[in-house]
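Notes follow the structure.
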Amino acid sequence: YDDVAPSRQRGNAELNGAQVAIKSLQDELKVIKNFRDTLATRVTALEGEKAKLQSEHDRVLDKFAKLRDALMEERAKASKAEDRAMDAELLAGKGAFNESQTRVLSLEKNPLMDAMRERFQAEIYALRRRLEQMTGQKVSDGLVQDAVAVDPEKLHQRLKQSFKEQISNFREGVHLITGFKIDMIPKSKGTSFRVRSCYAEREDDYLEFFWPKNVKSPTSLDIVATEFAKTLSTTSDSYQYLKKYDSCPAFAASAQLELFEKCTLVPQG
């Protein structure tokens, strides 16, 4: 009996200690749950605010587009009205009025058109300011002026041609600076970039990098196993930049330097 009592006391002490630890863990778990619930409530509120701002942003853009279309439609109507007025003046000039008592005046400016243009311009500029406040990005004056005064079809063709020229200049600049000719190839699962070096021996010697569609801002791109890439993986030290550091720029630069060193350079003079 003397040995049992101390054992029982130790057991009771351990049990009490375990109960205290469990109570402490339960309290800590309760605090964590409360914090999680608070975070969930905050996230839900922020998502609601985001959806509301997005809806307002879309509404402003839609109204801006409708105002622009309405302005174009009114311009077309005004043009037809001016044509009818000119026809009426022509008919009047053929004898529909007494020339000795009537004078026909042709206005250089149409007050109705001026008033309508001012009204639509004011609404468009107001929407532009609101759009800038919501997006934090400045809407160029050229875009607004084009919406007011330029034929949409001509504007589309001009922008298309300008964009084509800028892309061509950009590609040529990249080629001259880096020595790489880069072609972008859209695919169903993403975008491929075919890279050819100006020092490559054959047209088929190219690298290809792939950007998956569901990845918005990758830190690196996946390299496709082209024949040229397979050759570099076994004969070139540049592949180590991909294996060790996952660096496409370092790999491409190293491969370019190796190709350059293999070229036969004929000194001039």
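The chains in the structure tokens are called A, B, ... from first to last as shown; in each chain the residues are counted from 1, and the ligands are counted from 1 in the order shown.
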If we count only C-alpha atoms, what is near Asp237 in chain A at a cut-off of 12 Å, once residues fewer than 5 positions away on the same chain are taken out, given as a short mmCIF file (atom, residue, chain, number, x, y, z; two decimals) with C-alpha atoms, in the first residue's frame?
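Written output follows (result_35.cif):
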data_model
loop_
_atom_site.label_atom_id
_atom_site.label_comp_id
_atom_site.auth_asym_id
_atom_site.auth_seq_id
_atom_site.Cartn_x
_atom_site.Cartn_y
_atom_site.Cartn_z
CA THR A 231 22.11 18.99 -79.23
CA LEU A 232 22.94 21.82 -76.83
CA LEU A 242 18.78 26.06 -66.99
CA LYS A 243 19.47 23.06 -64.78
CA LYS A 244 21.13 24.90 -61.90
CA ALA A 250 21.60 33.29 -69.05
CA PHE A 251 21.09 30.12 -71.10
CA ALA A 252 20.23 32.04 -74.28
CA ALA A 253 23.15 34.44 -73.83
CA SER A 254 25.61 31.60 -73.25
CA ALA A 255 24.32 29.64 -76.24
CA GLN A 256 24.54 32.76 -78.40
CA LEU A 257 28.15 33.36 -77.35
CA GLU A 258 29.10 29.76 -78.13
#
As a list in words, list the residues of range 149-218 of chain A assigned to strand (DSSP E) by DSSP on the backbone atoms of this structure. Phe180, Lys181, Ile182, Asp183, Met184, Ile185, Pro186, Lys187, Gly190, Thr191, Ser192, Phe193, Arg194, Val195, Arg196, Ser197, Tyr206, Leu207, Glu208, Phe209, Phe210, Trp211 and Pro212 of chain A
Residue subset to file, keeping C-alpha atoms, as a PDB file, in the first residue's frame:
ATOM      1  CA  PHE A 180      17.863  36.518 -81.950  1.00  0.00           C
ATOM      2  CA  LYS A 181      14.884  36.462 -84.287  1.00  0.00           C
ATOM      3  CA  ILE A 182      11.830  35.689 -82.161  1.00  0.00           C
ATOM      4  CA  ASP A 183       8.504  34.468 -83.558  1.00  0.00           C
ATOM      5  CA  MET A 184       5.439  34.193 -81.326  1.00  0.00           C
ATOM      6  CA  ILE A 185       3.187  31.220 -82.099  1.00  0.00           C
ATOM      7  CA  PRO A 186      -0.240  31.119 -80.345  1.00  0.00           C
ATOM      8  CA  LYS A 187      -1.395  27.622 -79.400  1.00  0.00           C
ATOM      9  CA  GLY A 190      -0.481  28.666 -74.378  1.00  0.00           C
ATOM     10  CA  THR A 191       2.065  30.569 -76.458  1.00  0.00           C
ATOM     11  CA  SER A 192       5.333  29.371 -77.964  1.00  0.00           C
ATOM     12  CA  PHE A 193       8.313  31.598 -78.748  1.00  0.00           C
ATOM     13  CA  ARG A 194      10.572  30.288 -81.528  1.00  0.00           C
ATOM     14  CA  VAL A 195      14.084  31.725 -81.178  1.00  0.00           C
ATOM     15  CA  ARG A 196      16.641  31.639 -84.011  1.00  0.00           C
ATOM     16  CA  SER A 197      20.195  32.915 -83.677  1.00  0.00           C
ATOM     17  CA  TYR A 206      16.183  27.072 -83.255  1.00  0.00           C
ATOM     18  CA  LEU A 207      15.081  27.035 -79.638  1.00  0.00           C
ATOM     19  CA  GLU A 208      11.476  27.082 -78.546  1.00  0.00           C
ATOM     20  CA  PHE A 209      10.103  28.305 -75.219  1.00  0.00           C
ATOM     21  CA  PHE A 210       6.553  27.718 -74.017  1.00  0.00           C
ATOM     22  CA  TRP A 211       4.338  29.993 -71.887  1.00  0.00           C
ATOM     23  CA  PRO A 212       1.290  28.095 -70.497  1.00  0.00           C
TER      24      PRO A 212
END
Go ahead and compute the interatomic distance for CA of Leu29 in chain A and CA of Thr41 in chain A, in Å to one decimal.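 Taking CA of Leu29 in chain A and CA of Thr41 in chain A, their separation equals 18.3 Å.
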Please list as number ranges by chain every residue within 9 Å of Phe64 in chain A, counting only C-alpha atoms and excluding residues in the same chain fewer than 3 positions away. A: 59-61, 67-69, 123-124, 127-128
Could you write out that same residue set with C-alpha atoms as a PDB file, in the first residue's frame?
ATOM      1  CA  ARG A  59     -20.771  50.292 -66.471  1.00  0.00           C
ATOM      2  CA  VAL A  60     -18.687  53.412 -67.116  1.00  0.00           C
ATOM      3  CA  LEU A  61     -16.933  51.773 -70.055  1.00  0.00           C
ATOM      4  CA  LEU A  67     -22.082  57.838 -75.992  1.00  0.00           C
ATOM      5  CA  ARG A  68     -19.439  57.482 -78.664  1.00  0.00           C
ATOM      6  CA  ASP A  69     -21.789  55.392 -80.829  1.00  0.00           C
ATOM      7  CA  GLU A 123     -20.100  63.891 -71.358  1.00  0.00           C
ATOM      8  CA  ILE A 124     -17.168  62.016 -72.878  1.00  0.00           C
ATOM      9  CA  LEU A 127     -16.603  59.859 -68.272  1.00  0.00           C
ATOM     10  CA  ARG A 128     -12.897  59.955 -69.059  1.00  0.00           C
TER      11      ARG A 128
END
Considering only C-alpha atoms, can you say which of A:Pro249, A:Gly173, A:Gly17, A:Gly48 comes closest to Ser220 in chain A?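 That would be A:Pro249, the residue with the smallest distance to Ser220 in chain A.
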Calculate how many Å separate CA of Glu261 in chain A from CA of Tyr199 in chain A, rounding to one decimal.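 Pair CA of Glu261 in chain A / CA of Tyr199 in chain A returns 9.2 Å.
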